[in-house]
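Structure first, then comments.
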Amino acid sequence: MCLEATPPPPPSVTRRGVLAGAAALAGTVAVSGTAAAASPTGTAPGAGAPAGGDLVIRGGTLLDPATGEVTENAVVVITGGTVRAAGREGTVTVPRGTEVLDAHGQWVLPGLVDAHIHLSTAAEARDALHQGATSARSGSTTFYQDIAVRELARHSPALAPRLTAAGVFVTPDLGDTVLADPDLTPLARLKDGVRSAEALRRVVEVNLARGADVIKTRVNERAGLPEQDPLAQVYSYEQLAEIVAAARRRGKGVLCHSYSEQGCHDAVTAGIRSLEHGAFVGERTLREMRRRGTYFTPTLTAIAGLAESTNPVLAERGRTYLPVLKRAVLAAHELGVPLAAGTDSSGGTVRPIGREVELMRAAGLPALDALRTATTGAARLLGTERTVGRLTRGYAGDAILVPGDPLSDVTVLKQPTRVVRAGVLV
């Protein structure tokens, strides 16, 4: 899967000033009609407004994914975007004058994490947020839009999930992505594409200079293009190791688009942080992943989407891959490989992260473990486990309300009734 082509932004955004441009974007979006939602004071973000709000969630049934503990008639107090207290009614002091969200009859959970998504526009970022993804990790964008979305989220929490950005894809054929930064343009003249150690390092280094938090690469071709063979390997172990080494020199991890058994094994032994898709990952590789602590982000939602394609090649590919991938997910879980939920949404269609949890459950995971792949587990992958994935003191004030018990029916996660991001109602 991974990444639909998107037109480049104006030149002023494609240069090093992307962070300043993102700040301006945040202000523009707010002024265009969502300023009140983006800021509890109603002032434009980026103009001294607080980045988080004050809110009390009261009366719902609170679920802690870390422990499985359920608290009925719960109260969650969020101040300045951070949880200050959470517990049963009567045990938590509720500050006077704070806005109250009535959660009676609802279950209250921490906001979900989509660990593989392509957010290229403000509209996609809003869609992901409204569907319950209050945190996310980018699977790359064509022109560094994810870095701008990350900054938008910092200025205006109600407009985008907090985002870990991957920048541009480290792939043999960059295509128009060579226009994403002038420092990439010399790569356009390479006859064999981005394959040499120098070229691989160049893409990694430009990504990191632009502010990427992680690096995204591939070992196999795409499943979502009928003319490509997802089992064909495009990078060797040595090339993947070069990418990993370049990222590690700056303290960054690598996520790797993978399908074939050998490709998955090469990627894992080269030192990647997380294996993406991984339909044909073998037991030897899963055992190596457990030993190394390598994460598995299977993107079941994307593979299930292939099965529904009107293209016969893609439909057959999805029908063939999905049961294989489900078996791999269950095997990974039983072996103790850490799992993270990701939808691989791209191209303007944002799928609910709750669908990925539903498919994790369908693969055989217990409901609580399936939920953890989109909360505590995914947060550990993103390095945010001390602030994301729970609703307890010191954690981010990100929450979703759902109409039923997700431990009995995980499908309720697909349509949250309310979403809270950093103490602000979305």
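Ordered as shown in the structure tokens, chains take letters A, B, and onward, while each chain numbers its residues from 1 and ligands are numbered from 1 in the order shown.
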Going by DSSP on the backbone, which residues of stretch 30-233 of chain A come out as helix (DSSP H, G or I)? List them as a PDB file with C-alpha atoms, in the first residue's frame.
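Produced file part-v2.pdb, reproduced below:
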ATOM      1  CA  ALA A  30      -8.361  28.836  12.666  1.00  0.00           C
ATOM      2  CA  VAL A  31      -9.342  32.201  11.242  1.00  0.00           C
ATOM      3  CA  SER A  32     -11.315  30.476   8.485  1.00  0.00           C
ATOM      4  CA  GLY A  33     -13.950  29.323  10.927  1.00  0.00           C
ATOM      5  CA  THR A  34     -12.621  26.970  13.576  1.00  0.00           C
ATOM      6  CA  ALA A  35     -10.829  29.296  15.943  1.00  0.00           C
ATOM      7  CA  ALA A  36     -13.248  28.708  18.788  1.00  0.00           C
ATOM      8  CA  ALA A  37     -12.949  24.951  18.458  1.00  0.00           C
ATOM      9  CA  ALA A  38      -9.167  25.097  18.251  1.00  0.00           C
ATOM     10  CA  ALA A 122      -5.605  19.649   6.876  1.00  0.00           C
ATOM     11  CA  ALA A 123      -8.877  17.936   5.901  1.00  0.00           C
ATOM     12  CA  GLU A 124      -7.317  14.482   6.265  1.00  0.00           C
ATOM     13  CA  ALA A 125      -5.890  15.451   9.639  1.00  0.00           C
ATOM     14  CA  ARG A 126      -9.329  16.558  10.836  1.00  0.00           C
ATOM     15  CA  ASP A 127     -10.949  13.386   9.532  1.00  0.00           C
ATOM     16  CA  ALA A 128      -8.472  11.200  11.395  1.00  0.00           C
ATOM     17  CA  LEU A 129      -9.073  13.157  14.573  1.00  0.00           C
ATOM     18  CA  HIS A 130     -12.867  12.986  14.297  1.00  0.00           C
ATOM     19  CA  GLN A 145       3.186  17.848   4.412  1.00  0.00           C
ATOM     20  CA  ASP A 146       3.325  15.622   7.496  1.00  0.00           C
ATOM     21  CA  ILE A 147       5.859  17.924   9.135  1.00  0.00           C
ATOM     22  CA  ALA A 148       3.481  20.836   8.590  1.00  0.00           C
ATOM     23  CA  VAL A 149       0.586  18.766   9.976  1.00  0.00           C
ATOM     24  CA  ARG A 150       2.681  18.035  13.057  1.00  0.00           C
ATOM     25  CA  GLU A 151       3.184  21.747  13.642  1.00  0.00           C
ATOM     26  CA  LEU A 152      -0.486  22.446  12.964  1.00  0.00           C
ATOM     27  CA  ALA A 153      -1.354  19.923  15.673  1.00  0.00           C
ATOM     28  CA  ARG A 154       0.937  21.663  18.144  1.00  0.00           C
ATOM     29  CA  HIS A 155      -0.650  25.057  17.556  1.00  0.00           C
ATOM     30  CA  PRO A 157      -4.917  20.565  18.880  1.00  0.00           C
ATOM     31  CA  ALA A 158      -8.539  20.391  17.729  1.00  0.00           C
ATOM     32  CA  LEU A 159      -7.457  20.373  14.076  1.00  0.00           C
ATOM     33  CA  GLY A 175       9.639  10.478  -8.854  1.00  0.00           C
ATOM     34  CA  ASP A 176       8.404  14.017  -8.251  1.00  0.00           C
ATOM     35  CA  THR A 177       9.545  13.791  -4.640  1.00  0.00           C
ATOM     36  CA  VAL A 178      12.947  15.030  -5.843  1.00  0.00           C
ATOM     37  CA  LEU A 179      11.168  18.408  -5.964  1.00  0.00           C
ATOM     38  CA  ALA A 180      10.371  18.272  -2.241  1.00  0.00           C
ATOM     39  CA  PRO A 182      16.473  21.354  -3.576  1.00  0.00           C
ATOM     40  CA  ASP A 183      18.975  19.098  -1.808  1.00  0.00           C
ATOM     41  CA  LEU A 184      17.187  16.084  -3.304  1.00  0.00           C
ATOM     42  CA  THR A 185      17.207  17.272  -6.917  1.00  0.00           C
ATOM     43  CA  PRO A 186      20.715  15.919  -7.752  1.00  0.00           C
ATOM     44  CA  LEU A 187      19.291  12.429  -7.201  1.00  0.00           C
ATOM     45  CA  ALA A 188      17.104  12.847 -10.309  1.00  0.00           C
ATOM     46  CA  ARG A 189      20.079  12.190 -12.575  1.00  0.00           C
ATOM     47  CA  ALA A 197      25.084   4.194  -0.039  1.00  0.00           C
ATOM     48  CA  GLU A 198      25.655   7.890  -0.749  1.00  0.00           C
ATOM     49  CA  ALA A 199      22.198   8.373  -2.264  1.00  0.00           C
ATOM     50  CA  LEU A 200      20.470   6.505   0.575  1.00  0.00           C
ATOM     51  CA  ARG A 201      22.278   8.632   3.138  1.00  0.00           C
ATOM     52  CA  ARG A 202      21.354  11.783   1.230  1.00  0.00           C
ATOM     53  CA  VAL A 203      17.607  11.128   1.469  1.00  0.00           C
ATOM     54  CA  VAL A 204      17.862  10.263   5.162  1.00  0.00           C
ATOM     55  CA  GLU A 205      19.938  13.349   5.907  1.00  0.00           C
ATOM     56  CA  VAL A 206      17.600  15.684   4.021  1.00  0.00           C
ATOM     57  CA  ASN A 207      14.639  14.196   5.884  1.00  0.00           C
ATOM     58  CA  LEU A 208      16.303  14.778   9.220  1.00  0.00           C
ATOM     59  CA  ALA A 209      17.340  18.304   8.237  1.00  0.00           C
TER      60      ALA A 209
END
Mind checking which residues fall within 6 Å of stretch 391-394 of chain A, counting only C-alpha atoms, ignoring those fewer than 3 positions away in the same chain, and posting them as a CSV table (one decimal) with N, CA, C and O atoms, in the first residue's frame?
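Final output, saved to around-v1.csv:
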chain,number,residue,atom,x,y,z
A,83,VAL,N,-4.2,15.6,31.9
A,83,VAL,CA,-5.0,15.0,32.9
A,83,VAL,C,-4.4,15.3,34.3
A,83,VAL,O,-3.3,15.0,34.6
A,84,ARG,N,-5.3,15.9,35.1
A,84,ARG,CA,-4.8,16.2,36.5
A,84,ARG,C,-5.3,15.2,37.5
A,84,ARG,O,-4.7,15.0,38.6
A,85,ALA,N,-6.5,14.6,37.2
A,85,ALA,CA,-7.0,13.6,38.1
A,85,ALA,C,-8.0,12.7,37.4
A,85,ALA,O,-8.7,13.2,36.4
A,86,ALA,N,-8.2,11.5,37.8
A,86,ALA,CA,-9.2,10.6,37.2
A,86,ALA,C,-9.6,9.6,38.3
A,86,ALA,O,-8.7,9.0,39.0
A,110,PRO,N,-8.9,6.5,26.5
A,110,PRO,CA,-7.9,7.4,25.9
A,110,PRO,C,-8.0,7.5,24.4
A,110,PRO,O,-8.5,6.6,23.8
Can you work out the spacing between atom CA of A:Leu240 and atom CA of A:Met289 in Å, to one decimal?
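If I compute the distance from atom CA of A:Leu240 to atom CA of A:Met289, I get 15.9 Å.
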Residues within 12 Å of A:Arg380, only C-alpha atoms, excluding chain neighbours under 4 positions, as a ChimeraX atom specification
/A:66,113,115,137,273-274,293-295,338-341,372-376,384-390
Could you give me, as a PyMOL selection string, each residue of stretch 181-408 of chain A that DSSP assigns to strand (DSSP E) when run on this structure's backbone?
chain A and resi 215-218+254-258+274-277+295-297+399-402
Kindly save the residues from that selection, with all heavy atoms included, as a compact mmCIF listing (two decimals), in the first residue's frame.
# COMPACT_ATOMS: atom_id res chain seq x y z
N ILE A 215 12.25 7.67 10.01
CA ILE A 215 12.55 7.47 8.60
C ILE A 215 11.71 6.30 8.09
O ILE A 215 11.60 5.27 8.74
CB ILE A 215 14.05 7.17 8.38
CG1 ILE A 215 14.90 8.36 8.83
CG2 ILE A 215 14.33 6.83 6.93
CD1 ILE A 215 14.63 9.66 8.09
N LYS A 216 11.14 6.48 6.89
CA LYS A 216 10.33 5.43 6.26
C LYS A 216 11.04 4.94 5.00
O LYS A 216 11.47 5.73 4.16
CB LYS A 216 8.95 6.00 5.89
CG LYS A 216 8.12 5.14 4.93
CD LYS A 216 7.55 3.92 5.62
CE LYS A 216 6.67 3.11 4.66
NZ LYS A 216 5.46 3.84 4.20
N THR A 217 11.14 3.61 4.88
CA THR A 217 11.70 3.02 3.67
C THR A 217 10.89 1.80 3.28
O THR A 217 9.87 1.48 3.89
CB THR A 217 13.19 2.68 3.84
OG1 THR A 217 13.74 2.36 2.56
CG2 THR A 217 13.40 1.52 4.80
N ARG A 218 11.34 1.10 2.25
CA ARG A 218 10.65 -0.10 1.77
C ARG A 218 11.67 -1.20 1.48
O ARG A 218 12.84 -0.91 1.22
CB ARG A 218 9.86 0.20 0.50
CG ARG A 218 10.72 0.46 -0.71
CD ARG A 218 9.92 0.40 -2.01
NE ARG A 218 9.06 1.55 -2.18
CZ ARG A 218 7.75 1.47 -2.40
NH1 ARG A 218 7.17 0.29 -2.46
NH2 ARG A 218 7.03 2.55 -2.58
N VAL A 254 13.57 3.53 12.10
CA VAL A 254 13.13 3.31 10.73
C VAL A 254 11.92 2.39 10.70
O VAL A 254 11.92 1.34 11.36
CB VAL A 254 14.26 2.71 9.87
CG1 VAL A 254 13.78 2.37 8.47
CG2 VAL A 254 15.47 3.65 9.82
N LEU A 255 10.88 2.77 9.95
CA LEU A 255 9.78 1.87 9.67
C LEU A 255 9.89 1.41 8.23
O LEU A 255 10.28 2.18 7.35
CB LEU A 255 8.43 2.52 9.93
CG LEU A 255 8.03 3.81 9.22
CD1 LEU A 255 6.51 3.88 9.07
CD2 LEU A 255 8.51 5.04 10.00
N CYS A 256 9.57 0.14 7.97
CA CYS A 256 9.86 -0.44 6.67
C CYS A 256 8.66 -1.17 6.08
O CYS A 256 8.15 -2.12 6.66
CB CYS A 256 11.04 -1.40 6.77
SG CYS A 256 11.60 -2.03 5.17
N HIS A 257 8.23 -0.71 4.91
CA HIS A 257 7.19 -1.32 4.09
C HIS A 257 7.71 -2.67 3.60
O HIS A 257 8.72 -2.75 2.90
CB HIS A 257 6.90 -0.36 2.94
CG HIS A 257 6.12 -0.90 1.81
ND1 HIS A 257 4.85 -0.46 1.51
CD2 HIS A 257 6.42 -1.83 0.86
CE1 HIS A 257 4.41 -1.08 0.43
NE2 HIS A 257 5.34 -1.91 0.01
N SER A 258 7.02 -3.76 3.98
CA SER A 258 7.53 -5.10 3.71
C SER A 258 6.39 -6.06 3.42
O SER A 258 5.30 -5.92 3.99
CB SER A 258 8.30 -5.62 4.93
OG SER A 258 9.13 -4.64 5.52
N SER A 274 10.23 -0.86 13.15
CA SER A 274 8.93 -1.50 12.98
C SER A 274 8.74 -1.99 11.56
O SER A 274 9.18 -1.36 10.60
CB SER A 274 7.79 -0.55 13.37
OG SER A 274 7.68 0.52 12.48
N LEU A 275 8.08 -3.16 11.47
CA LEU A 275 7.78 -3.81 10.21
C LEU A 275 6.35 -3.46 9.82
O LEU A 275 5.42 -3.71 10.59
CB LEU A 275 7.93 -5.32 10.37
CG LEU A 275 7.83 -6.17 9.11
CD1 LEU A 275 9.14 -6.08 8.32
CD2 LEU A 275 7.56 -7.63 9.48
N GLU A 276 6.17 -2.89 8.62
CA GLU A 276 4.86 -2.45 8.18
C GLU A 276 4.30 -3.44 7.16
O GLU A 276 5.01 -3.88 6.27
CB GLU A 276 4.96 -1.07 7.55
CG GLU A 276 5.77 -0.06 8.36
CD GLU A 276 5.17 0.22 9.72
OE1 GLU A 276 4.04 0.73 9.78
OE2 GLU A 276 5.83 -0.08 10.74
N HIS A 277 3.03 -3.76 7.29
CA HIS A 277 2.30 -4.71 6.42
C HIS A 277 2.71 -6.15 6.75
O HIS A 277 1.98 -6.85 7.42
CB HIS A 277 2.48 -4.39 4.94
CG HIS A 277 2.41 -2.95 4.59
ND1 HIS A 277 1.37 -2.13 5.01
CD2 HIS A 277 3.25 -2.15 3.87
CE1 HIS A 277 1.57 -0.91 4.56
NE2 HIS A 277 2.71 -0.89 3.87
N TYR A 295 8.72 -3.84 16.37
CA TYR A 295 7.25 -3.78 16.32
C TYR A 295 6.72 -4.29 14.98
O TYR A 295 7.41 -4.22 13.96
CB TYR A 295 6.77 -2.35 16.54
CG TYR A 295 6.56 -2.02 17.99
CD1 TYR A 295 7.66 -1.75 18.83
CD2 TYR A 295 5.29 -1.99 18.55
CE1 TYR A 295 7.48 -1.46 20.16
CE2 TYR A 295 5.10 -1.69 19.89
CZ TYR A 295 6.19 -1.43 20.69
OH TYR A 295 6.02 -1.16 22.02
N PHE A 296 5.48 -4.76 15.03
CA PHE A 296 4.78 -5.22 13.85
C PHE A 296 3.52 -4.36 13.70
O PHE A 296 2.66 -4.33 14.57
CB PHE A 296 4.40 -6.69 14.02
CG PHE A 296 3.78 -7.36 12.82
CD1 PHE A 296 3.81 -6.78 11.56
CD2 PHE A 296 3.16 -8.60 12.95
CE1 PHE A 296 3.25 -7.42 10.46
CE2 PHE A 296 2.60 -9.25 11.86
CZ PHE A 296 2.64 -8.67 10.61
N THR A 297 3.45 -3.60 12.60
CA THR A 297 2.29 -2.78 12.27
C THR A 297 1.66 -3.37 11.01
O THR A 297 2.04 -3.00 9.89
CB THR A 297 2.70 -1.31 12.04
OG1 THR A 297 3.54 -0.87 13.10
CG2 THR A 297 1.47 -0.40 11.97
N ALA A 399 -9.18 11.97 24.67
CA ALA A 399 -10.16 10.95 25.04
C ALA A 399 -11.17 10.75 23.93
O ALA A 399 -11.39 11.64 23.09
CB ALA A 399 -10.89 11.37 26.32
N ILE A 400 -11.76 9.56 23.93
CA ILE A 400 -12.92 9.31 23.07
C ILE A 400 -14.04 8.75 23.93
O ILE A 400 -13.80 8.08 24.93
CB ILE A 400 -12.61 8.34 21.91
CG1 ILE A 400 -12.15 6.97 22.44
CG2 ILE A 400 -11.58 8.94 20.97
CD1 ILE A 400 -12.05 5.90 21.36
N LEU A 401 -15.25 9.07 23.54
CA LEU A 401 -16.44 8.49 24.16
C LEU A 401 -17.09 7.57 23.14
O LEU A 401 -17.23 7.94 21.97
CB LEU A 401 -17.44 9.57 24.59
CG LEU A 401 -17.24 10.20 25.98
CD1 LEU A 401 -15.86 10.85 26.11
CD2 LEU A 401 -18.34 11.22 26.27
N VAL A 402 -17.44 6.38 23.58
CA VAL A 402 -18.10 5.40 22.70
C VAL A 402 -19.36 4.90 23.39
O VAL A 402 -19.45 4.89 24.62
CB VAL A 402 -17.15 4.23 22.34
CG1 VAL A 402 -15.97 4.73 21.53
CG2 VAL A 402 -16.67 3.50 23.59
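If you look at atom CA of A:Glu242 and atom CA of A:Gly278, they are 20.8 Å away from each other.
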